[in-house]
Amino acid sequence: LEIYNIIYKYVQKIFPNYGLLELGDPRIRCFKTLNELIKKIFINCEIKITSHLLSFKNTPDVLAKEVTGFFYASLVLSSRHYDILVSELGNHFNKISVNGLSEFNLPVNRLVVKETSKSYFQKK
C-alpha cells in the first residue's frame with residue numbers, strides 16, 4: 001500500500017484528476033469476479049486460478065524502476081516526471097533496504113485455461 005501511495009500521490013500532483021477513471025478491468029482484482037469473467041470468455045474449458053505472491057529483491061534504484069512498471073499510473077508520466085518518480089521510489093526503498101537490498105511483494109493470480117473436448121475453441 002505504501003508503494004501504491006507514493007506512486008499515485010506523485011501522479012496526482014501532475015494530473016489531479018488521475019484516478020477518476022479506472023484503468024484496467026477492476027473485475028480481475030477479486031477472485032470471484034475474475035472467475036465469473038473468465039467463465040464467460042472461455043466457455044466449456046477447465047479453468048484454474050491460483051494466487052501467488054511475486055517477490056522482487058534488488059538494489060533500491062533497480063527495484064524502483066522495475067516496480068513502477070507494474071502500475072498504470074507511471075505510464076502517463078513524461079520521461080522527466082517518470083525519472084523523478086523512480087527517484088522518489090528509490091529513496092523509499094533505500095530507507096527500508098537491508099544490506100543494500102530492498103524487497104517488493106506483489107499478489108497476482110495465475111490463470112490456466114485448459115481446452116476440453118467440447119471446447120469453445122473448436123472450429124464449427
# chains A, B, ... in the order shown; residues from 1 in each chain; ligands from 1
>>> select_by_dssp(residues="stretch 41-79 of chain A", states="strand (DSSP E or B)", output="VMD selection string")
chain A and resid 45 to 58
>>> write_last_selection(atoms="C-alpha atoms", output="tab-separated table (two decimals), in the first residue's frame")
chain	number	residue	atom	x	y	z
A	45	CYS	CA	-12.98	-25.02	-20.63
A	46	GLU	CA	-11.31	-26.12	-17.43
A	47	ILE	CA	-10.24	-23.03	-15.54
A	48	LYS	CA	-7.77	-22.90	-12.69
A	49	ILE	CA	-6.93	-19.69	-10.85
A	50	THR	CA	-4.23	-19.75	-8.21
A	51	SER	CA	-3.00	-16.89	-6.08
A	52	HIS	CA	0.72	-16.23	-5.92
A	53	LEU	CA	2.97	-13.68	-4.32
A	54	LEU	CA	5.69	-12.38	-6.61
A	55	SER	CA	8.74	-11.24	-4.66
A	56	PHE	CA	11.35	-8.95	-6.09
A	57	LYS	CA	14.63	-8.22	-4.35
A	58	ASN	CA	17.26	-5.88	-5.73
>>> residues_around(residues="A:Ser87", least_positions_apart="3", cutoff="9 Å", atoms="only C-alpha atoms", output="list in words")
Asp61, Ala64, Lys65, Tyr82, Asp83, Ile84, Gly90, Asn91 and His92 of chain A
>>> write_last_selection(atoms="N, CA and C atoms", output="short mmCIF file (atom, residue, chain, number, x, y, z; two decimals), in the first residue's frame")
data_model
loop_
_atom_site.label_atom_id
_atom_site.label_comp_id
_atom_site.auth_asym_id
_atom_site.auth_seq_id
_atom_site.Cartn_x
_atom_site.Cartn_y
_atom_site.Cartn_z
N ASP A 61 17.61 1.35 -6.41
CA ASP A 61 17.41 2.02 -7.70
C ASP A 61 16.86 1.08 -8.76
N ALA A 64 13.21 0.12 -7.84
CA ALA A 64 12.28 1.23 -8.08
C ALA A 64 11.85 1.26 -9.54
N LYS A 65 12.79 1.08 -10.43
CA LYS A 65 12.47 1.10 -11.86
C LYS A 65 11.61 -0.09 -12.25
N TYR A 82 8.63 10.72 -14.92
CA TYR A 82 8.85 9.29 -14.63
C TYR A 82 10.16 9.12 -13.87
N ASP A 83 11.20 9.79 -14.34
CA ASP A 83 12.51 9.70 -13.68
C ASP A 83 12.45 10.22 -12.24
N ILE A 84 11.68 11.28 -12.02
CA ILE A 84 11.52 11.82 -10.66
C ILE A 84 10.80 10.80 -9.78
N GLY A 90 12.97 5.05 -5.33
CA GLY A 90 14.30 4.57 -4.95
C GLY A 90 14.68 5.04 -3.55
N ASN A 91 14.34 6.29 -3.22
CA ASN A 91 14.60 6.81 -1.87
C ASN A 91 13.84 6.01 -0.82
N HIS A 92 12.59 5.68 -1.14
CA HIS A 92 11.79 4.87 -0.21
C HIS A 92 12.44 3.50 0.00
#
>>> select_by_dssp(residues="stretch 6-124 of chain A", states="helix (DSSP H, G or I)", output="MDAnalysis selection string")
chainID A and resid 6:14 26:29 31:41 60:68 72:76 79:95
>>> closest_residue(among="A:Val108, A:Phe93, A:Leu85, A:Phe31", to="A:Ala73", atoms="only C-alpha atoms")
A:Leu85
>>> residues_around(residues="stretch 14-21 of chain A", least_positions_apart="2", cutoff="10 Å", atoms="only C-alpha atoms", output="PyMOL selection string")
chain A and resi 8-12+23-24+73+76-78+81
>>> closest_residue(among="A:Leu1, A:Ile43, A:Leu106, A:Leu37", to="A:Glu66", atoms="only C-alpha atoms")
A:Leu106
>>> closest_residue(among="A:Glu22, A:Lys13, A:Val67, A:Pro60", to="A:Ser102", atoms="only C-alpha atoms")
A:Pro60
>>> closest_residue(among="A:Arg110, A:Lys40, A:Asn35, A:Thr68", to="A:Glu88", atoms="only C-alpha atoms")
A:Thr68
>>> closest_residue(among="A:Thr116, A:Ser79, A:Ser74, A:Thr59", to="A:Phe104", atoms="only C-alpha atoms")
A:Thr59
>>> closest_residue(among="A:Pro26, A:Ile7, A:Glu103, A:Asn94", to="A:Phe70", atoms="only C-alpha atoms")
A:Ile7
>>> atom_distance(atom1="atom CA of A:Val113", atom2="atom CA of A:Thr33")
16.2 Å
>>> atom_distance(atom1="atom CA of A:Lys114", atom2="atom CA of A:Glu36")
16.2 Å
>>> decode(residues="stretch 4-124 of chain A", atoms="C-alpha atoms", output="tab-separated table (two decimals), in the first residue's frame")
chain	number	residue	atom	x	y	z
A	4	TYR	CA	0.84	2.47	-4.26
A	5	ASN	CA	0.51	5.70	-2.26
A	6	ILE	CA	3.92	7.01	-3.34
A	7	ILE	CA	3.15	6.39	-7.00
A	8	TYR	CA	-0.42	7.66	-7.04
A	9	LYS	CA	0.25	10.74	-4.92
A	10	TYR	CA	3.05	11.72	-7.27
A	11	VAL	CA	0.97	11.15	-10.41
A	12	GLN	CA	-1.92	13.12	-8.89
A	13	LYS	CA	0.43	16.07	-8.31
A	14	ILE	CA	0.91	16.18	-12.08
A	15	PHE	CA	-2.63	15.08	-13.04
A	16	PRO	CA	-5.02	15.97	-10.18
A	17	ASN	CA	-7.92	14.09	-11.80
A	18	TYR	CA	-5.93	10.90	-12.26
A	19	GLY	CA	-7.83	8.09	-10.61
A	20	LEU	CA	-11.29	9.27	-11.61
A	21	LEU	CA	-11.10	6.73	-14.43
A	22	GLU	CA	-10.23	3.12	-13.65
A	23	LEU	CA	-7.53	1.82	-15.98
A	24	GLY	CA	-7.71	-1.92	-16.42
A	25	ASP	CA	-10.68	-4.11	-15.59
A	26	PRO	CA	-11.48	-3.92	-11.86
A	27	ARG	CA	-13.20	-7.34	-12.06
A	28	ILE	CA	-9.81	-9.05	-12.26
A	29	ARG	CA	-8.80	-7.89	-8.78
A	30	CYS	CA	-11.21	-10.17	-6.92
A	31	PHE	CA	-11.16	-13.96	-7.27
A	32	LYS	CA	-14.96	-14.25	-7.51
A	33	THR	CA	-15.43	-11.64	-10.23
A	34	LEU	CA	-12.33	-12.84	-12.10
A	35	ASN	CA	-13.71	-16.38	-12.12
A	36	GLU	CA	-17.11	-15.18	-13.41
A	37	LEU	CA	-15.47	-13.13	-16.15
A	38	ILE	CA	-13.18	-15.95	-17.28
A	39	LYS	CA	-16.07	-18.45	-17.45
A	40	LYS	CA	-17.91	-16.09	-19.82
A	41	ILE	CA	-14.89	-15.86	-22.10
A	42	PHE	CA	-13.60	-19.44	-22.09
A	43	ILE	CA	-16.79	-21.47	-22.45
A	44	ASN	CA	-16.61	-25.23	-21.73
A	45	CYS	CA	-12.98	-25.02	-20.63
A	46	GLU	CA	-11.31	-26.12	-17.43
A	47	ILE	CA	-10.24	-23.03	-15.54
A	48	LYS	CA	-7.77	-22.90	-12.69
A	49	ILE	CA	-6.93	-19.69	-10.85
A	50	THR	CA	-4.23	-19.75	-8.21
A	51	SER	CA	-3.00	-16.89	-6.08
A	52	HIS	CA	0.72	-16.23	-5.92
A	53	LEU	CA	2.97	-13.68	-4.32
A	54	LEU	CA	5.69	-12.38	-6.61
A	55	SER	CA	8.74	-11.24	-4.66
A	56	PHE	CA	11.35	-8.95	-6.09
A	57	LYS	CA	14.63	-8.22	-4.35
A	58	ASN	CA	17.26	-5.88	-5.73
A	59	THR	CA	19.16	-2.68	-5.07
A	60	PRO	CA	16.83	0.26	-4.36
A	61	ASP	CA	17.41	2.02	-7.70
A	62	VAL	CA	16.93	-1.10	-9.82
A	63	LEU	CA	13.91	-2.21	-7.81
A	64	ALA	CA	12.28	1.23	-8.08
A	65	LYS	CA	12.47	1.10	-11.86
A	66	GLU	CA	11.13	-2.46	-12.02
A	67	VAL	CA	8.25	-1.77	-9.63
A	68	THR	CA	6.94	1.32	-11.44
A	69	GLY	CA	6.24	-0.86	-14.48
A	70	PHE	CA	3.50	-2.70	-12.57
A	71	PHE	CA	1.44	0.47	-12.12
A	72	TYR	CA	-0.59	2.03	-14.93
A	73	ALA	CA	-0.15	5.40	-13.25
A	74	SER	CA	3.54	5.50	-14.12
A	75	LEU	CA	2.71	5.12	-17.81
A	76	VAL	CA	1.00	8.51	-18.05
A	77	LEU	CA	4.08	10.46	-16.94
A	78	SER	CA	6.53	12.28	-19.17
A	79	SER	CA	10.08	10.92	-19.20
A	80	ARG	CA	11.18	13.68	-16.84
A	81	HIS	CA	8.38	13.06	-14.35
A	82	TYR	CA	8.85	9.29	-14.63
A	83	ASP	CA	12.51	9.70	-13.68
A	84	ILE	CA	11.52	11.82	-10.66
A	85	LEU	CA	9.01	9.17	-9.57
A	86	VAL	CA	11.61	6.41	-9.91
A	87	SER	CA	14.00	8.52	-7.82
A	88	GLU	CA	11.36	9.04	-5.08
A	89	LEU	CA	10.58	5.33	-5.06
A	90	GLY	CA	14.30	4.57	-4.95
A	91	ASN	CA	14.60	6.81	-1.87
A	92	HIS	CA	11.79	4.87	-0.21
A	93	PHE	CA	13.42	1.52	-0.99
A	94	ASN	CA	16.75	2.90	0.23
A	95	LYS	CA	15.21	3.69	3.64
A	96	ILE	CA	13.94	0.13	4.05
A	97	SER	CA	16.89	-1.70	2.50
A	98	VAL	CA	18.78	-4.38	4.37
A	99	ASN	CA	22.40	-4.97	3.38
A	100	GLY	CA	21.87	-2.81	0.31
A	101	LEU	CA	18.84	-4.74	-0.95
A	102	SER	CA	15.14	-3.91	-0.87
A	103	GLU	CA	12.13	-6.13	-1.43
A	104	PHE	CA	8.74	-5.68	-3.08
A	105	ASN	CA	5.91	-8.21	-2.99
A	106	LEU	CA	3.03	-8.24	-5.45
A	107	PRO	CA	-0.01	-10.52	-5.17
A	108	VAL	CA	-1.07	-11.94	-8.54
A	109	ASN	CA	-3.48	-14.52	-9.90
A	110	ARG	CA	-2.21	-17.20	-12.26
A	111	LEU	CA	-4.81	-18.24	-14.79
A	112	VAL	CA	-4.61	-21.61	-16.56
A	113	VAL	CA	-7.23	-22.41	-19.20
A	114	LYS	CA	-7.39	-25.97	-20.49
A	115	GLU	CA	-9.40	-26.91	-23.54
A	116	THR	CA	-11.91	-29.72	-23.11
A	117	SER	CA	-13.36	-31.95	-25.82
A	118	LYS	CA	-16.32	-29.58	-26.12
A	119	SER	CA	-14.07	-26.57	-26.18
A	120	TYR	CA	-15.14	-23.13	-27.23
A	121	PHE	CA	-12.03	-23.06	-29.39
A	122	GLN	CA	-13.09	-25.94	-31.66
A	123	LYS	CA	-13.87	-24.99	-35.22
A	124	LYS	CA	-17.54	-25.08	-36.03
